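**Q** So I've got this file, query.txt, and it contains compact mmCIF, C-alpha atoms:
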# COMPACT_ATOMS: atom_id res chain seq x y z
CA MET A 1 -59.14 23.15 -28.53
CA ASN A 2 -58.09 22.48 -24.99
CA THR A 3 -56.94 18.86 -24.86
CA VAL A 4 -56.10 19.04 -21.17
CA ALA A 5 -59.77 19.09 -20.17
CA ASP A 6 -61.70 15.89 -19.60
CA PRO A 7 -62.93 14.64 -23.01
CA VAL A 8 -66.24 13.50 -21.53
CA GLN A 9 -67.22 17.16 -20.99
CA HIS A 10 -67.71 17.40 -24.73
CA LEU A 11 -70.27 14.58 -24.67
CA ASP A 12 -72.80 16.31 -22.40
CA GLN A 13 -75.37 16.69 -25.17
CA VAL A 14 -75.74 12.93 -25.44
CA ASP A 15 -75.29 12.18 -21.75
CA ALA A 16 -78.61 10.38 -21.30
CA LEU A 17 -78.01 8.23 -24.34
CA ILE A 18 -74.46 7.40 -23.32
CA LYS A 19 -75.72 6.25 -19.92
CA SER A 20 -77.99 3.76 -21.68
CA ILE A 21 -75.02 2.09 -23.43
CA ARG A 22 -73.42 -0.74 -21.51
CA ILE A 23 -69.81 0.25 -20.86
CA PRO A 24 -67.85 -2.75 -19.52
CA PRO A 25 -66.21 -2.04 -16.15
CA ARG A 26 -62.44 -1.86 -15.95
CA PRO A 27 -61.04 -5.38 -15.39
CA SER A 28 -59.40 -5.94 -12.01
CA LEU A 29 -56.15 -7.14 -13.62
CA LEU A 30 -55.95 -3.88 -15.55
CA ALA A 31 -56.53 -1.89 -12.37
CA ASP A 32 -53.73 -3.86 -10.68
CA MET A 33 -51.33 -3.14 -13.55
CA GLN A 34 -52.19 0.55 -13.67
CA ARG A 35 -51.67 0.80 -9.93
CA GLU A 36 -48.21 -0.73 -10.23
CA LEU A 37 -47.30 1.41 -13.25
CA SER A 38 -48.31 4.58 -11.40
CA SER A 39 -45.98 3.82 -8.50
CA GLU A 40 -42.70 5.72 -8.16
CA ASP A 41 -40.65 2.70 -9.20
CA PRO A 42 -42.75 0.16 -11.17
CA SER A 43 -41.47 -3.35 -10.63
CA PRO A 44 -41.05 -5.77 -13.56
CA GLU A 45 -41.39 -8.60 -11.04
CA ALA A 46 -44.74 -7.27 -9.83
CA ILE A 47 -46.00 -6.86 -13.40
CA GLY A 48 -44.85 -10.41 -14.12
CA LYS A 49 -46.83 -11.75 -11.18
CA ILE A 50 -49.97 -9.94 -12.33
CA VAL A 51 -49.63 -11.40 -15.83
CA ALA A 52 -48.80 -14.88 -14.54
CA SER A 53 -51.91 -14.90 -12.35
CA ASP A 54 -53.94 -15.71 -15.48
CA VAL A 55 -52.65 -18.68 -17.49
CA GLY A 56 -54.59 -17.70 -20.61
CA MET A 57 -53.21 -14.18 -20.46
CA SER A 58 -49.66 -15.49 -20.07
CA GLY A 59 -49.83 -17.67 -23.16
CA ALA A 60 -51.48 -15.00 -25.28
CA LEU A 61 -48.94 -12.41 -24.19
CA LEU A 62 -46.00 -14.64 -25.14
CA LYS A 63 -47.53 -15.24 -28.56
CA LEU A 64 -47.90 -11.50 -29.15
CA ALA A 65 -44.45 -10.71 -27.75
CA ASN A 66 -42.89 -13.15 -30.23
CA SER A 67 -44.76 -11.85 -33.28
CA ALA A 68 -42.78 -10.16 -36.06
CA VAL A 69 -44.10 -6.70 -35.16
CA TYR A 70 -43.20 -6.85 -31.46
CA GLY A 71 -40.55 -9.47 -30.89
CA GLY A 72 -38.05 -9.01 -33.66
CA ARG A 73 -35.33 -11.66 -33.69
CA ARG A 74 -35.38 -12.43 -29.98
CA LYS A 75 -37.93 -14.97 -28.83
CA ALA A 76 -39.21 -14.77 -25.27
CA LYS A 77 -39.66 -18.12 -23.54
CA SER A 78 -41.17 -16.71 -20.35
CA ILE A 79 -43.14 -13.75 -19.09
CA GLU A 80 -39.97 -12.47 -17.45
CA GLN A 81 -38.14 -12.51 -20.79
CA ALA A 82 -41.10 -10.84 -22.53
CA ILE A 83 -40.94 -8.00 -20.00
CA LEU A 84 -37.17 -7.77 -20.41
CA PHE A 85 -37.37 -7.63 -24.22
CA LEU A 86 -40.42 -5.37 -24.55
CA GLY A 87 -40.40 -3.29 -21.38
CA ILE A 88 -43.16 -3.11 -18.80
CA ASN A 89 -45.12 -0.38 -20.60
CA GLN A 90 -45.43 -2.40 -23.81
CA VAL A 91 -46.30 -5.54 -21.87
CA ALA A 92 -48.99 -3.59 -20.03
CA ALA A 93 -50.34 -2.31 -23.36
CA LEU A 94 -50.53 -5.84 -24.77
CA MET A 95 -52.26 -7.06 -21.61
CA THR A 96 -54.74 -4.19 -21.83
CA GLY A 97 -55.63 -5.34 -25.33
CA LEU A 98 -56.12 -8.93 -24.28
CA LEU A 99 -58.35 -7.86 -21.39
CA ALA A 100 -60.38 -5.65 -23.72
CA ARG A 101 -60.99 -8.62 -25.99
CA GLN A 102 -62.36 -10.57 -23.04
CA ALA A 103 -64.54 -7.72 -21.77
CA ILE A 104 -66.08 -6.47 -25.01
CA PRO A 105 -68.14 -9.09 -26.87
CA ALA A 106 -67.87 -9.16 -30.64
CA ASN A 107 -69.64 -12.40 -31.49
CA SER A 108 -72.14 -11.36 -34.15
CA ALA A 109 -71.60 -12.05 -37.85
CA ALA A 110 -71.18 -8.32 -38.46
CA LEU A 111 -68.29 -8.29 -35.97
CA ALA A 112 -66.64 -11.55 -37.01
CA SER A 113 -63.30 -9.92 -37.80
CA PHE A 114 -63.53 -6.99 -35.37
CA TRP A 115 -60.78 -8.03 -32.96
CA ASP A 116 -58.56 -9.35 -35.74
CA VAL A 117 -58.66 -5.95 -37.45
CA SER A 118 -58.27 -4.09 -34.14
CA THR A 119 -55.23 -6.18 -33.23
CA ARG A 120 -53.76 -5.63 -36.68
CA ARG A 121 -54.30 -1.87 -36.30
CA ALA A 122 -52.59 -1.90 -32.90
CA GLN A 123 -49.61 -3.72 -34.42
CA ALA A 124 -49.47 -1.20 -37.25
CA MET A 125 -49.51 1.70 -34.81
CA VAL A 126 -46.57 0.22 -32.90
CA PHE A 127 -44.63 -0.36 -36.13
CA LEU A 128 -45.23 3.20 -37.35
CA SER A 129 -44.47 4.78 -33.98
CA ARG A 130 -41.14 2.98 -33.82
CA ARG A 131 -40.26 3.42 -37.47
CA LEU A 132 -40.96 7.17 -37.46
CA ARG A 133 -39.76 7.64 -33.87
CA ILE A 134 -42.89 9.54 -33.01
CA GLY A 135 -44.75 9.15 -29.74
CA GLU A 136 -44.64 6.16 -27.41
CA PRO A 137 -45.22 2.71 -28.98
CA ASP A 138 -47.28 1.43 -26.04
CA VAL A 139 -49.60 4.45 -26.24
CA ALA A 140 -49.89 3.96 -30.00
CA HIS A 141 -50.77 0.31 -29.43
CA THR A 142 -53.49 1.14 -26.92
CA PHE A 143 -55.03 3.77 -29.18
CA GLY A 144 -54.97 1.44 -32.18
CA LEU A 145 -56.75 -1.27 -30.28
CA PHE A 146 -59.37 0.90 -28.60
CA CYS A 147 -60.26 3.43 -31.31
CA ASP A 148 -63.13 1.32 -32.68
CA THR A 149 -64.31 -0.31 -29.44
CA GLY A 150 -67.45 1.84 -29.61
CA VAL A 151 -68.62 -0.23 -32.58
CA PRO A 152 -69.57 -3.45 -30.72
CA LEU A 153 -71.03 -1.39 -27.87
CA LEU A 154 -73.29 0.51 -30.26
CA MET A 155 -74.29 -2.71 -32.01
CA ASP A 156 -75.33 -4.05 -28.64
CA ARG A 157 -77.37 -0.89 -27.95
CA PHE A 158 -79.04 -0.31 -31.34
CA PRO A 159 -80.49 -3.21 -33.39
CA ASP A 160 -80.05 -1.22 -36.60
CA TYR A 161 -76.54 0.04 -35.94
CA ALA A 162 -74.94 -2.59 -38.20
CA ALA A 163 -76.72 -0.98 -41.16
CA THR A 164 -75.55 2.44 -40.05
CA TYR A 165 -71.96 1.26 -39.76
CA ALA A 166 -72.07 -0.36 -43.21
CA ALA A 167 -73.46 2.83 -44.77
CA ALA A 168 -70.94 5.03 -42.95
CA SER A 169 -68.14 2.84 -44.30
CA LEU A 170 -69.17 3.90 -47.82
CA GLU A 171 -69.14 7.65 -47.09
CA ALA A 172 -66.68 9.05 -49.63
CA GLU A 173 -66.57 12.66 -48.44
CA ARG A 174 -68.30 13.20 -45.08
CA PRO A 175 -66.65 12.10 -41.83
CA PHE A 176 -67.35 8.48 -40.93
CA THR A 177 -69.11 9.58 -37.74
CA ALA A 178 -71.57 11.97 -39.47
CA LEU A 179 -74.16 9.30 -40.26
CA GLU A 180 -73.79 7.74 -36.81
CA ASP A 181 -74.55 11.10 -35.20
CA GLU A 182 -77.55 11.67 -37.47
CA ARG A 183 -79.16 8.30 -36.80
CA HIS A 184 -78.15 7.59 -33.20
CA SER A 185 -77.12 10.95 -31.69
CA SER A 186 -73.78 9.37 -30.88
CA SER A 187 -70.83 7.73 -32.62
CA HIS A 188 -68.39 4.92 -32.06
CA ALA A 189 -65.71 7.59 -31.53
CA SER A 190 -67.55 9.23 -28.62
CA VAL A 191 -68.44 5.89 -27.03
CA GLY A 192 -64.87 4.65 -27.43
CA CYS A 193 -63.63 7.84 -25.78
CA LEU A 194 -65.91 7.21 -22.80
CA LEU A 195 -64.70 3.61 -22.51
CA ALA A 196 -61.09 4.81 -22.54
CA ARG A 197 -61.88 7.27 -19.77
CA ASN A 198 -63.65 4.66 -17.65
CA TRP A 199 -60.76 2.24 -18.06
CA GLY A 200 -58.19 4.79 -16.91
CA LEU A 201 -56.40 5.12 -20.25
CA SER A 202 -54.40 8.27 -20.95
CA ALA A 203 -56.16 11.52 -21.83
CA ASP A 204 -54.27 11.62 -25.15
CA VAL A 205 -55.65 8.22 -26.09
CA GLY A 206 -59.18 9.33 -25.18
CA TRP A 207 -58.93 12.51 -27.22
CA ALA A 208 -57.40 10.73 -30.22
CA ILE A 209 -60.20 8.15 -30.16
CA LEU A 210 -62.77 10.96 -30.10
CA HIS A 211 -61.16 12.64 -33.14
CA HIS A 212 -59.81 9.73 -35.17
CA HIS A 213 -62.25 10.43 -38.02
CA ASP A 214 -61.97 14.21 -37.66
CA PHE A 215 -58.95 15.01 -39.78
CA SER A 216 -59.30 18.75 -39.22
CA VAL A 217 -57.54 18.08 -35.91
CA LEU A 218 -54.33 17.54 -37.88
CA ASP A 219 -54.30 21.24 -38.78
CA ASP A 220 -55.35 22.41 -35.31
CA ALA A 221 -52.23 23.80 -33.66
CA SER A 222 -54.05 24.08 -30.34
CA SER A 223 -54.48 20.30 -30.16
CA ALA A 224 -51.88 18.23 -28.32
CA ALA A 225 -49.11 16.93 -30.56
CA ALA A 226 -49.59 13.42 -29.17
CA VAL A 227 -53.26 13.45 -30.21
CA ARG A 228 -52.50 14.72 -33.71
CA SER A 229 -49.72 12.15 -34.12
CA LEU A 230 -51.99 9.26 -33.14
CA VAL A 231 -54.67 10.38 -35.60
CA ALA A 232 -52.11 10.81 -38.38
CA LEU A 233 -50.55 7.39 -37.77
CA SER A 234 -54.00 5.79 -37.72
CA VAL A 235 -54.63 6.95 -41.30
CA LEU A 236 -51.46 5.21 -42.46
CA ALA A 237 -52.34 2.11 -40.45
CA GLU A 238 -55.80 1.96 -42.04
CA SER A 239 -54.28 2.23 -45.51
CA ALA A 240 -51.84 -0.61 -44.85
CA ILE A 241 -54.57 -2.86 -43.46
CA CYS A 242 -56.73 -2.27 -46.53
CA ARG A 243 -53.82 -3.16 -48.81
CA TYR A 244 -53.02 -6.25 -46.75
CA GLN A 245 -56.65 -7.38 -47.03
CA GLY A 246 -56.64 -6.79 -50.79
CA HIS A 247 -59.20 -3.99 -50.70
CA GLY A 248 -57.11 -1.34 -52.44
CA GLU A 249 -57.07 2.19 -51.05
CA SER A 250 -59.26 3.10 -48.08
CA LEU A 251 -61.84 5.89 -48.17
CA GLU A 252 -60.32 7.23 -44.96
CA TRP A 253 -57.02 7.63 -46.78
CA ASN A 254 -58.75 9.66 -49.48
CA LYS A 255 -60.21 11.91 -46.77
CA GLY A 256 -57.17 12.33 -44.54
CA GLY A 257 -54.12 10.80 -46.17
CA ALA A 258 -52.66 14.03 -47.53
CA ALA A 259 -53.14 15.86 -44.22
CA ALA A 260 -51.63 12.94 -42.27
CA CYS A 261 -48.53 12.78 -44.47
CA ALA A 262 -48.12 16.56 -44.32
CA TYR A 263 -48.31 16.48 -40.53
CA LEU A 264 -45.78 13.63 -40.34
CA GLY A 265 -43.49 15.27 -42.91
CA LEU A 266 -43.60 12.31 -45.30
CA SER A 267 -43.13 12.56 -49.06
CA ASP A 268 -45.10 10.35 -51.45
CA GLU A 269 -42.05 8.13 -51.92
CA GLU A 270 -41.42 7.81 -48.19
CA THR A 271 -45.06 7.01 -47.56
CA ALA A 272 -45.13 4.31 -50.23
CA GLU A 273 -41.95 2.71 -48.85
CA LEU A 274 -43.25 2.82 -45.29
CA LEU A 275 -46.57 1.23 -46.19
CA ASP A 276 -44.80 -1.48 -48.20
CA GLU A 277 -42.67 -2.30 -45.15
CA LEU A 278 -45.72 -2.45 -42.92
CA VAL A 279 -47.66 -4.74 -45.25
CA GLU A 280 -44.60 -6.99 -45.45
CA ALA A 281 -44.48 -7.12 -41.64
CA PHE A 282 -48.14 -8.20 -41.64
CA HIS A 283 -47.31 -11.09 -43.97
CA GLU A 284 -44.47 -12.20 -41.69
CA ASP A 285 -46.79 -12.72 -38.71
Render the structure in this file as C-alpha cells.
**A**
Amino acid sequence: MNTVADPVQHLDQVDALIKSIRIPPRPSLLADMQRELSSEDPSPEAIGKIVASDVGMSGALLKLANSAVYGGRRKAKSIEQAILFLGINQVAALMTGLLARQAIPANSAALASFWDVSTRRAQAMVFLSRRLRIGEPDVAHTFGLFCDTGVPLLMDRFPDYAATYAAASLEAERPFTALEDERHSSSHASVGCLLARNWGLSADVGWAILHHHDFSVLDDASSAAAVRSLVALSVLAESAICRYQGHGESLEWNKGGAAACAYLGLSDEETAELLDELVEAFHED
C-alpha cells in the first residue's frame, strides 16, 4: 500500500455521499498555528500570541498542560511556561484538540461522553508514545483525538447511525467499520480521514485514522511505520480506557491486541505492566 498518496483517493467510490456530510471548516486559529509551525524557524512567542488571543483556549490549555499525563511535576502558570515545558508542537496538538471540540458538535445523548473518551484516548497515545519511545507524542495525540471524529459527523448525517454504531460496537470478529460500510456506504474511519485532510493534519495521521480498525495494516510491510505504530498504540490505548471505565477487555483488543503487541515487540508481562501504568495515570488526573 502506498501511504505517500493522498488518502482521499481511496474514497472515490463514496465521493457523492462524502460530499453530503457536513465537514467543519478548518478553524482560523488552527490555520494560523500551522502557518507558523511550517515556517523555517517557528517562534514560541508567535505561538503564544495565537493561543493568548482566545481566553477560553488559554485556560483550557493550561489545565491540560498541568495534567498528570502532560505536565509531570512541573506546573505551568502561563502560556509561555506551558510552551517551554511542553514544546510548541505539543502545545499546537493540544490546541488542535480544543479547537476540534468547539467545531464538532457532540451534544446528543448518544454522544454524551464522546469528547471525554476522545481526550482520554489522546492522553493515552501521548503516554504510550513517550513510554515506548515510538513516534512523536504530538502526532500520537492528534491521531488519538481525531480517530473517531467521523462518529458525530455521521450521526448528524444519518438519523439511524446511532443504532449502527451501537451494533458495530458489539461485533466480536468483523472489523468495526464493516457494518457501517454495509448500511451507510461509508464509515467513521473514512469520514475522519477526510476531516484530517481538510484540516491540514499530517498524511500519517490521515492514513492511521482510515485504518485504525483494520489491523491487517500491522502486518503490511509496505505501510508507513508511523501509520502502523499509531494503529498499534491505539489498540493499547483502547484497552486501557476500557479497564479504566470498568468494562473489562475491549473487543478491539481481542481482534488486534496480539498483532499490536507483536508489532511493538511487547511481551505479555510488559504489556500488562504498561497498561497498569497507564490506568494509574488516568486515575491521577
**Q** Find the spatial neighbours of Arg228 of chain A, counting all atoms listed in the file, within a cut-off of 12 Å - ignore same-chain residues fewer than 5 positions away - and output them as a PyMOL selection string.
**A** chain A and resi 1+3+134-135+140+204-205+207-223+233-235+259-264
**Q** Suppose we keep C-alpha atoms; can you now write the selection as a PDB file, in the frame of the given file?
**A**
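The new file again-v4.pdb reads:
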ATOM      1  CA  MET A   1     -59.140  23.150 -28.530  1.00  0.00           C
ATOM      2  CA  THR A   3     -56.940  18.860 -24.860  1.00  0.00           C
ATOM      3  CA  ILE A 134     -42.890   9.540 -33.010  1.00  0.00           C
ATOM      4  CA  GLY A 135     -44.750   9.150 -29.740  1.00  0.00           C
ATOM      5  CA  ALA A 140     -49.890   3.960 -30.000  1.00  0.00           C
ATOM      6  CA  ASP A 204     -54.270  11.620 -25.150  1.00  0.00           C
ATOM      7  CA  VAL A 205     -55.650   8.220 -26.090  1.00  0.00           C
ATOM      8  CA  TRP A 207     -58.930  12.510 -27.220  1.00  0.00           C
ATOM      9  CA  ALA A 208     -57.400  10.730 -30.220  1.00  0.00           C
ATOM     10  CA  ILE A 209     -60.200   8.150 -30.160  1.00  0.00           C
ATOM     11  CA  LEU A 210     -62.770  10.960 -30.100  1.00  0.00           C
ATOM     12  CA  HIS A 211     -61.160  12.640 -33.140  1.00  0.00           C
ATOM     13  CA  HIS A 212     -59.810   9.730 -35.170  1.00  0.00           C
ATOM     14  CA  HIS A 213     -62.250  10.430 -38.020  1.00  0.00           C
ATOM     15  CA  ASP A 214     -61.970  14.210 -37.660  1.00  0.00           C
ATOM     16  CA  PHE A 215     -58.950  15.010 -39.780  1.00  0.00           C
ATOM     17  CA  SER A 216     -59.300  18.750 -39.220  1.00  0.00           C
ATOM     18  CA  VAL A 217     -57.540  18.080 -35.910  1.00  0.00           C
ATOM     19  CA  LEU A 218     -54.330  17.540 -37.880  1.00  0.00           C
ATOM     20  CA  ASP A 219     -54.300  21.240 -38.780  1.00  0.00           C
ATOM     21  CA  ASP A 220     -55.350  22.410 -35.310  1.00  0.00           C
ATOM     22  CA  ALA A 221     -52.230  23.800 -33.660  1.00  0.00           C
ATOM     23  CA  SER A 222     -54.050  24.080 -30.340  1.00  0.00           C
ATOM     24  CA  SER A 223     -54.480  20.300 -30.160  1.00  0.00           C
ATOM     25  CA  LEU A 233     -50.550   7.390 -37.770  1.00  0.00           C
ATOM     26  CA  SER A 234     -54.000   5.790 -37.720  1.00  0.00           C
ATOM     27  CA  VAL A 235     -54.630   6.950 -41.300  1.00  0.00           C
ATOM     28  CA  ALA A 259     -53.140  15.860 -44.220  1.00  0.00           C
ATOM     29  CA  ALA A 260     -51.630  12.940 -42.270  1.00  0.00           C
ATOM     30  CA  CYS A 261     -48.530  12.780 -44.470  1.00  0.00           C
ATOM     31  CA  ALA A 262     -48.120  16.560 -44.320  1.00  0.00           C
ATOM     32  CA  TYR A 263     -48.310  16.480 -40.530  1.00  0.00           C
ATOM     33  CA  LEU A 264     -45.780  13.630 -40.340  1.00  0.00           C
TER      34      LEU A 264
END
**Q** Can you work out which one of A:Ser169, A:Trp253, A:Ala100, A:Ser38 has the shortest atom-to-atom distance to Pro25 of chain A, counting all atoms listed in the file?
**A**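 Among the listed residues, the smallest separation from Pro25 of chain A belongs to A:Ala100.
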**Q** Record the distance separating atom CA of Leu84 of chain A and atom CA of Thr96 of chain A, expressed in Å with one decimal.
**A** 18.0 Å
**Q** Which residue, A:Glu269, A:Asp148, A:Glu171, A:Asp160, has the smallest gap to His188 of chain A when you use only C-alpha atoms?
**A**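 Closest to His188 of chain A, using only C-alpha atoms: A:Asp148.
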**Q** Take atom CA of Leu251 of chain A and atom CA of Ala172 of chain A and report the distance between them in Å, one decimal.
**A**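 We find that atom CA of Leu251 of chain A and atom CA of Ala172 of chain A lie 6.0 Å from each other.
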**Q** For a quick check of your reading of the model, name the residues lying within 12 Å of the coordinate (-52.2, 1.8, -47.2), counting all atoms listed in the file, and write them as a ChimeraX atom specification.
**A** /A:121,124,233-254,256-257,261,268,271-280
**Q** Just how far from atom CA of Phe146 of chain A is atom CA of Val191 of chain A, in Å to one decimal?
**A** 10.5 Å
**Q** Looking at A:Leu132, A:Leu194, A:Ala31, A:Val51, which one is nearest to Gly265 of chain A, with distances taken over all atoms listed in the file?
**A** A:Leu132
**Q** I'd like to know which of A:Ala46, A:Ala93, A:Ala163, A:Cys147 is closest to Phe114 of chain A, using all atoms listed in the file.
**A**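 Closest to Phe114 of chain A, using all atoms listed in the file: A:Cys147.
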**Q** Which polymer residues have any atom within 10 Å of an atom of segment 54-60 of chain A, counting only C-alpha atoms, with same-chain residues fewer than 6 positions away left out, as a list of chain:residue names?
**A**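 Using only C-alpha atoms, the neighbours found are A:Leu29, A:Gly48, A:Ser78, A:Ile79, A:Leu94, A:Met95, A:Leu98, A:Leu99.
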**Q** Just the selected residues (C-alpha atoms), exported as a compact mmCIF listing (two decimals), in the coordinates of the input, please.
**A**
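The result, stored in again15.txt:
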# COMPACT_ATOMS: atom_id res chain seq x y z
CA LEU A 29 -56.15 -7.14 -13.62
CA GLY A 48 -44.85 -10.41 -14.12
CA SER A 78 -41.17 -16.71 -20.35
CA ILE A 79 -43.14 -13.75 -19.09
CA LEU A 94 -50.53 -5.84 -24.77
CA MET A 95 -52.26 -7.06 -21.61
CA LEU A 98 -56.12 -8.93 -24.28
CA LEU A 99 -58.35 -7.86 -21.39
**Q** Using all atoms listed in the file, which of the listed residues (A:Arg197, A:Arg133, A:Arg120, A:Arg157) sits closest to Ala281 of chain A?
**A**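 Of all the options, A:Arg120 lies closest to Ala281 of chain A.
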**Q** Hey, which of A:Ser267, A:Ser185, A:Ser202, A:Asn89 ends up closest to Ser43 of chain A? Count only C-alpha atoms.
**A**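 Using only C-alpha atoms, Ser43 of chain A sits closest to A:Asn89.
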**Q** Reconstruct segment 52-61 of chain A at the level of all heavy atoms, and format the result as a PDB file, keeping the file's coordinate frame.
**A**
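Once everything was written out, this is part-v8.pdb:
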ATOM      1  N   ALA A  52     -48.835 -13.439 -14.778  1.00  0.00           N
ATOM      2  CA  ALA A  52     -48.800 -14.880 -14.540  1.00  0.00           C
ATOM      3  C   ALA A  52     -50.001 -15.380 -13.742  1.00  0.00           C
ATOM      4  O   ALA A  52     -50.261 -16.589 -13.706  1.00  0.00           O
ATOM      5  CB  ALA A  52     -47.504 -15.251 -13.808  1.00  0.00           C
ATOM      6  N   SER A  53     -50.743 -14.485 -13.127  1.00  0.00           N
ATOM      7  CA  SER A  53     -51.910 -14.900 -12.350  1.00  0.00           C
ATOM      8  C   SER A  53     -53.031 -15.435 -13.227  1.00  0.00           C
ATOM      9  O   SER A  53     -53.963 -16.071 -12.743  1.00  0.00           O
ATOM     10  CB  SER A  53     -52.437 -13.735 -11.496  1.00  0.00           C
ATOM     11  OG  SER A  53     -52.980 -12.712 -12.308  1.00  0.00           O
ATOM     12  N   ASP A  54     -52.942 -15.193 -14.532  1.00  0.00           N
ATOM     13  CA  ASP A  54     -53.940 -15.710 -15.480  1.00  0.00           C
ATOM     14  C   ASP A  54     -53.200 -16.488 -16.555  1.00  0.00           C
ATOM     15  O   ASP A  54     -52.478 -15.918 -17.366  1.00  0.00           O
ATOM     16  CB  ASP A  54     -54.729 -14.539 -16.081  1.00  0.00           C
ATOM     17  CG  ASP A  54     -55.894 -15.007 -16.939  1.00  0.00           C
ATOM     18  OD1 ASP A  54     -55.652 -15.774 -17.889  1.00  0.00           O
ATOM     19  OD2 ASP A  54     -57.040 -14.594 -16.658  1.00  0.00           O
ATOM     20  N   VAL A  55     -53.383 -17.818 -16.563  1.00  0.00           N
ATOM     21  CA  VAL A  55     -52.650 -18.680 -17.490  1.00  0.00           C
ATOM     22  C   VAL A  55     -52.938 -18.320 -18.941  1.00  0.00           C
ATOM     23  O   VAL A  55     -52.042 -18.262 -19.788  1.00  0.00           O
ATOM     24  CB  VAL A  55     -52.979 -20.163 -17.229  1.00  0.00           C
ATOM     25  CG1 VAL A  55     -52.293 -21.046 -18.265  1.00  0.00           C
ATOM     26  CG2 VAL A  55     -52.561 -20.567 -15.824  1.00  0.00           C
ATOM     27  N   GLY A  56     -54.210 -18.058 -19.237  1.00  0.00           N
ATOM     28  CA  GLY A  56     -54.590 -17.700 -20.610  1.00  0.00           C
ATOM     29  C   GLY A  56     -53.912 -16.423 -21.053  1.00  0.00           C
ATOM     30  O   GLY A  56     -53.429 -16.317 -22.188  1.00  0.00           O
ATOM     31  N   MET A  57     -53.859 -15.445 -20.162  1.00  0.00           N
ATOM     32  CA  MET A  57     -53.210 -14.180 -20.460  1.00  0.00           C
ATOM     33  C   MET A  57     -51.716 -14.396 -20.739  1.00  0.00           C
ATOM     34  O   MET A  57     -51.140 -13.809 -21.645  1.00  0.00           O
ATOM     35  CB  MET A  57     -53.366 -13.213 -19.294  1.00  0.00           C
ATOM     36  CG  MET A  57     -54.745 -12.642 -19.097  1.00  0.00           C
ATOM     37  SD  MET A  57     -55.169 -11.380 -20.325  1.00  0.00           S
ATOM     38  CE  MET A  57     -56.420 -12.282 -21.223  1.00  0.00           C
ATOM     39  N   SER A  58     -51.097 -15.246 -19.927  1.00  0.00           N
ATOM     40  CA  SER A  58     -49.660 -15.490 -20.070  1.00  0.00           C
ATOM     41  C   SER A  58     -49.334 -16.053 -21.450  1.00  0.00           C
ATOM     42  O   SER A  58     -48.421 -15.581 -22.136  1.00  0.00           O
ATOM     43  CB  SER A  58     -49.181 -16.458 -18.988  1.00  0.00           C
ATOM     44  OG  SER A  58     -49.402 -15.939 -17.700  1.00  0.00           O
ATOM     45  N   GLY A  59     -50.085 -17.063 -21.859  1.00  0.00           N
ATOM     46  CA  GLY A  59     -49.830 -17.670 -23.160  1.00  0.00           C
ATOM     47  C   GLY A  59     -50.079 -16.717 -24.307  1.00  0.00           C
ATOM     48  O   GLY A  59     -49.295 -16.657 -25.265  1.00  0.00           O
ATOM     49  N   ALA A  60     -51.166 -15.955 -24.223  1.00  0.00           N
ATOM     50  CA  ALA A  60     -51.480 -15.000 -25.280  1.00  0.00           C
ATOM     51  C   ALA A  60     -50.440 -13.905 -25.367  1.00  0.00           C
ATOM     52  O   ALA A  60     -50.066 -13.462 -26.462  1.00  0.00           O
ATOM     53  CB  ALA A  60     -52.872 -14.404 -25.035  1.00  0.00           C
ATOM     54  N   LEU A  61     -49.950 -13.469 -24.206  1.00  0.00           N
ATOM     55  CA  LEU A  61     -48.940 -12.410 -24.190  1.00  0.00           C
ATOM     56  C   LEU A  61     -47.650 -12.896 -24.848  1.00  0.00           C
ATOM     57  O   LEU A  61     -47.033 -12.167 -25.641  1.00  0.00           O
ATOM     58  CB  LEU A  61     -48.663 -11.969 -22.758  1.00  0.00           C
ATOM     59  CG  LEU A  61     -47.558 -10.923 -22.600  1.00  0.00           C
ATOM     60  CD1 LEU A  61     -47.928  -9.635 -23.321  1.00  0.00           C
ATOM     61  CD2 LEU A  61     -47.283 -10.645 -21.135  1.00  0.00           C
TER      62      LEU A  61
END
